[in-house]
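Okay, target_19.txt now, which holds compact mmCIF, C-alpha atoms:
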```
# COMPACT_ATOMS: atom_id res chain seq x y z
CA MET L 98 -20.99 32.55 -48.92
CA LYS L 99 -19.99 29.20 -50.41
CA VAL L 100 -18.56 26.17 -48.62
CA PHE L 101 -16.20 23.58 -50.13
CA CYS L 102 -16.88 19.96 -49.22
CA GLY L 103 -14.68 16.98 -50.02
CA ARG L 104 -16.41 13.85 -51.28
CA ALA L 105 -15.17 10.53 -52.56
CA ASN L 106 -16.28 9.84 -56.12
CA PRO L 107 -18.04 6.44 -55.92
CA THR L 108 -16.91 5.52 -59.44
CA THR L 109 -13.23 6.47 -59.30
CA GLY L 110 -12.63 6.51 -55.54
CA SER L 111 -10.80 9.82 -55.86
CA MET L 112 -11.48 12.81 -53.62
CA GLU L 113 -13.38 15.63 -55.28
CA TRP L 114 -14.23 19.09 -53.97
CA LEU L 115 -17.76 20.39 -54.45
CA GLU L 116 -19.08 23.87 -53.79
CA GLU L 117 -22.17 24.04 -51.57
CA ASP L 118 -24.25 27.06 -50.59
CA GLU L 119 -24.08 28.61 -47.14
CA TYR L 120 -27.16 26.69 -45.92
CA TYR L 121 -25.64 23.29 -46.60
CA ASP L 122 -25.81 21.09 -43.48
CA TYR L 123 -22.84 18.75 -43.62
CA HIS L 124 -23.75 16.92 -40.41
CA GLN L 125 -27.33 16.25 -41.50
CA GLU L 126 -26.07 14.69 -44.72
CA ILE L 127 -23.61 12.50 -42.82
CA ASN L 128 -26.27 11.42 -40.30
CA THR L 129 -28.66 10.56 -43.15
CA LYS L 130 -26.04 8.38 -44.82
CA TYR L 131 -25.12 6.78 -41.53
CA TYR L 132 -28.80 5.98 -40.85
CA GLU L 133 -29.06 4.37 -44.29
CA GLY L 134 -26.04 2.20 -43.45
CA ILE L 135 -27.52 1.16 -40.10
CA ARG L 136 -30.86 0.38 -41.75
CA ALA L 137 -29.10 -1.79 -44.36
CA ALA L 138 -27.19 -3.67 -41.63
CA VAL L 139 -30.38 -4.28 -39.64
CA ARG L 140 -32.14 -5.51 -42.77
CA ARG L 141 -29.26 -7.91 -43.60
CA VAL L 142 -29.34 -9.41 -40.11
CA LYS L 143 -33.13 -9.79 -40.15
CA ASP L 144 -33.00 -11.31 -43.65
CA ARG L 145 -30.83 -14.05 -42.11
CA GLY L 146 -33.68 -14.74 -39.67
CA GLN L 147 -31.86 -13.29 -36.65
CA LYS L 148 -32.76 -10.62 -34.13
CA ALA L 149 -30.80 -7.42 -34.75
CA LEU L 150 -28.74 -6.84 -31.59
CA VAL L 151 -26.61 -3.71 -31.69
CA VAL L 152 -23.69 -2.56 -29.58
CA ASP L 153 -22.90 1.17 -29.84
CA ILE L 154 -19.43 1.95 -28.47
CA GLY L 155 -18.95 5.56 -27.43
CA THR L 156 -22.66 6.31 -27.65
CA GLY L 157 -22.41 9.92 -26.52
CA THR L 158 -25.99 11.21 -26.52
CA GLY L 159 -27.31 7.91 -27.89
CA LEU L 160 -28.01 9.17 -31.40
CA LEU L 161 -26.65 6.12 -33.21
CA SER L 162 -28.45 3.77 -30.81
CA MET L 163 -31.74 5.57 -31.45
CA MET L 164 -31.05 5.40 -35.20
CA ALA L 165 -30.51 1.65 -34.88
CA VAL L 166 -33.78 1.08 -33.01
CA THR L 167 -35.65 3.35 -35.43
CA ALA L 168 -34.16 1.28 -38.26
CA GLY L 169 -35.68 -1.86 -36.73
CA ALA L 170 -33.03 -3.17 -34.34
CA ASP L 171 -34.53 -5.39 -31.66
CA PHE L 172 -32.22 -4.09 -28.92
CA CYS L 173 -29.19 -1.84 -28.51
CA TYR L 174 -26.47 -1.71 -25.87
CA ALA L 175 -25.18 1.87 -25.75
CA ILE L 176 -21.75 2.04 -24.11
CA GLU L 177 -20.38 5.37 -22.84
CA VAL L 178 -17.44 5.71 -20.46
CA PHE L 179 -17.89 9.43 -19.59
CA LYS L 180 -20.47 9.53 -16.76
CA PRO L 181 -22.01 12.96 -17.49
CA MET L 182 -22.51 11.93 -21.12
CA ALA L 183 -23.91 8.51 -20.13
CA ASP L 184 -26.35 10.24 -17.75
CA ALA L 185 -27.41 12.57 -20.57
CA ALA L 186 -27.85 9.59 -22.90
CA VAL L 187 -30.15 7.88 -20.38
CA LYS L 188 -32.33 11.00 -20.22
CA ILE L 189 -32.35 11.49 -23.99
CA VAL L 190 -33.22 7.83 -24.60
CA GLU L 191 -36.06 8.06 -22.04
CA GLU L 192 -37.39 11.35 -23.43
CA ASN L 193 -37.51 9.85 -26.92
CA GLY L 194 -39.33 6.70 -25.79
CA PHE L 195 -36.53 4.18 -26.42
CA SER L 196 -35.90 2.96 -22.84
CA ASP L 197 -37.41 -0.45 -23.55
CA LYS L 198 -34.99 -1.07 -26.45
CA ILE L 199 -31.78 0.72 -25.44
CA LYS L 200 -29.66 0.00 -22.37
CA VAL L 201 -27.02 2.64 -21.60
CA ILE L 202 -23.93 1.09 -20.01
CA ASN L 203 -21.62 3.54 -18.21
CA LYS L 204 -18.31 1.71 -18.62
CA HIS L 205 -15.35 1.58 -20.93
CA SER L 206 -16.17 -0.92 -23.66
CA THR L 207 -13.26 -3.13 -22.57
CA GLU L 208 -14.91 -3.50 -19.13
CA VAL L 209 -18.33 -4.60 -20.46
CA THR L 210 -19.20 -8.19 -19.59
CA VAL L 211 -21.24 -10.62 -21.66
CA GLY L 212 -23.25 -13.50 -20.21
CA PRO L 213 -26.34 -14.25 -18.14
CA ASP L 214 -25.20 -11.99 -15.28
CA GLY L 215 -23.26 -9.55 -17.46
CA ASP L 216 -23.96 -6.11 -18.88
CA MET L 217 -25.05 -7.79 -22.12
CA PRO L 218 -26.75 -11.21 -21.99
CA CYS L 219 -25.24 -12.20 -25.35
CA ARG L 220 -22.97 -10.86 -28.06
CA ALA L 221 -24.35 -8.36 -30.56
CA ASN L 222 -24.44 -8.96 -34.31
CA ILE L 223 -24.12 -5.29 -35.33
CA LEU L 224 -21.47 -2.84 -34.14
CA VAL L 225 -21.94 0.90 -34.56
CA THR L 226 -19.51 3.44 -33.23
CA GLU L 227 -18.15 6.94 -33.46
CA LEU L 228 -14.84 6.85 -31.65
CA PHE L 229 -12.65 8.81 -34.02
CA ASP L 230 -11.71 12.29 -32.93
CA THR L 231 -9.61 14.81 -34.83
CA GLU L 232 -6.45 13.02 -33.74
CA LEU L 233 -7.78 9.75 -35.15
CA ILE L 234 -6.58 7.39 -32.43
CA GLY L 235 -6.95 9.74 -29.44
CA GLU L 236 -10.01 7.90 -28.14
CA GLY L 237 -8.42 4.45 -28.33
CA ALA L 238 -10.47 3.41 -31.35
CA LEU L 239 -8.28 0.57 -32.59
CA PRO L 240 -7.92 -1.27 -29.25
CA SER L 241 -11.65 -0.75 -28.60
CA TYR L 242 -12.55 -2.26 -31.99
CA GLU L 243 -10.24 -5.20 -31.45
CA HIS L 244 -11.72 -5.87 -28.01
CA ALA L 245 -15.27 -5.54 -29.34
CA HIS L 246 -14.64 -8.10 -32.05
CA ARG L 247 -13.07 -10.52 -29.60
CA HIS L 248 -15.62 -10.14 -26.79
CA LEU L 249 -18.76 -8.10 -27.60
CA VAL L 250 -19.89 -9.12 -31.09
CA GLN L 251 -20.52 -12.42 -32.81
CA VAL L 252 -18.20 -13.78 -35.49
CA GLY L 253 -19.34 -12.27 -38.78
CA ALA L 254 -21.02 -9.28 -37.11
CA LEU L 255 -21.69 -6.25 -39.29
CA GLY L 256 -19.89 -3.04 -38.39
CA LEU L 257 -20.35 0.65 -39.14
CA ALA L 258 -17.85 3.21 -37.94
CA LYS L 259 -18.63 6.90 -38.28
CA VAL L 260 -15.41 8.69 -39.11
CA CYS L 261 -14.66 12.38 -38.69
CA CYS L 262 -11.61 12.47 -40.92
CA TYR L 263 -12.64 10.97 -44.25
CA ILE L 264 -9.33 11.06 -46.06
CA LEU L 265 -7.63 9.11 -43.29
CA SER L 266 -10.58 6.75 -42.96
CA TRP L 267 -9.76 5.24 -46.36
CA CYS L 268 -6.21 4.58 -45.17
CA ILE L 269 -7.37 3.08 -41.88
CA HIS L 270 -9.98 0.90 -43.56
CA SER L 271 -7.35 -0.51 -45.91
CA ALA L 272 -4.88 -1.03 -43.08
CA LEU L 273 -7.47 -2.75 -40.88
CA LEU L 274 -8.51 -5.07 -43.67
CA ARG L 275 -4.87 -6.16 -44.07
CA TRP L 276 -4.29 -6.25 -40.30
CA ARG L 277 -6.91 -8.77 -39.28
CA LYS L 278 -9.53 -10.49 -41.39
CA PRO L 279 -12.47 -10.46 -40.97
CA LEU L 280 -12.65 -7.29 -38.88
CA PHE L 281 -16.17 -6.26 -39.87
```

Would you write out, as structure tokens, the structure that this file holds?
Amino acid sequence: MKVFCGRANPTTGSMEWLEEDEYYDYHQEINTKYYEGIRAAVRRVKDRGQKALVVDIGTGTGLLSMMAVTAGADFCYAIEVFKPMADAAVKIVEENGFSDKIKVINKHSTEVTVGPDGDMPCRANILVTELFDTELIGEGALPSYEHAHRHLVQVGALGLAKVCCYILSWCIHSALLRWRKPLF
């Protein structure tokens, strides 16, 4: 059995359909590319002589947070509003030996506080997130991003957003760039 996969041509920017064999693992490819992006962001921050401080909004199981720490981030704040998922993330982070570098925060990202007595002692300089669902804005992605950039990350922070719907992501990216500069 063959599987068709849509990919953006990096030269032309147009969407192309490629045929993959039945053993093709779409999610593994996406996670690999996402890890490469996180690693590049961490490297850019460290090249500026700064500690890489990551905030992961909608952490789920903590995968992106663990990717960030594996990529060299100094610390990661993993925010998850859904308590059963946040509890699972705590266990997964502990089981994988990342408890000293990842703090799971069970709150909505708009309720997270920053400061000496807050959930985060200071603003992060890298934002990673996977808030998009199949309905694109069903998880409140746009207001969460706006709040994060106003309150949780430093001016000029690097951002990576994992997107489930790639065709629409190009439209959103363009719209966000016009909506408020600099967003990422």

What does the distance from CA of Val209 in chain L to CA of Val151 in chain L come to in Å, to one decimal?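 One can read the CA of Val209 in chain L to CA of Val151 in chain L distance as 14.0 Å.
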
Between CA of Leu160 in chain L and CA of Gly194 in chain L lies a distance of 12.9 Å

Got a sec: who's within 6 Å of range 169-176 of chain L, counting all atoms listed in the file, leaving out chain neighbours fewer than 5 positions off, as a ChimeraX atom specification? /L:149-156,198-202

What's the 8 Å shell around Thr158 in chain L, counting only C-alpha atoms, without same-chain residues fewer than 5 positions away, as a list in words?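 The contact residues come out as Met182, Ala183, Ala185, Ala186 and Ile189 of chain L.
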
Atom-to-atom span, CA of Ala221 in chain L and CA of Gln251 in chain L, Å: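 If I compute the distance from CA of Ala221 in chain L to CA of Gln251 in chain L, I get 6.0 Å.
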
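Candidate residues L:Val178, L:Ala138, L:Met164, L:Leu224 were compared for distance to His244 in chain L, and the nearest is L:Leu224, using all atoms listed in the file.
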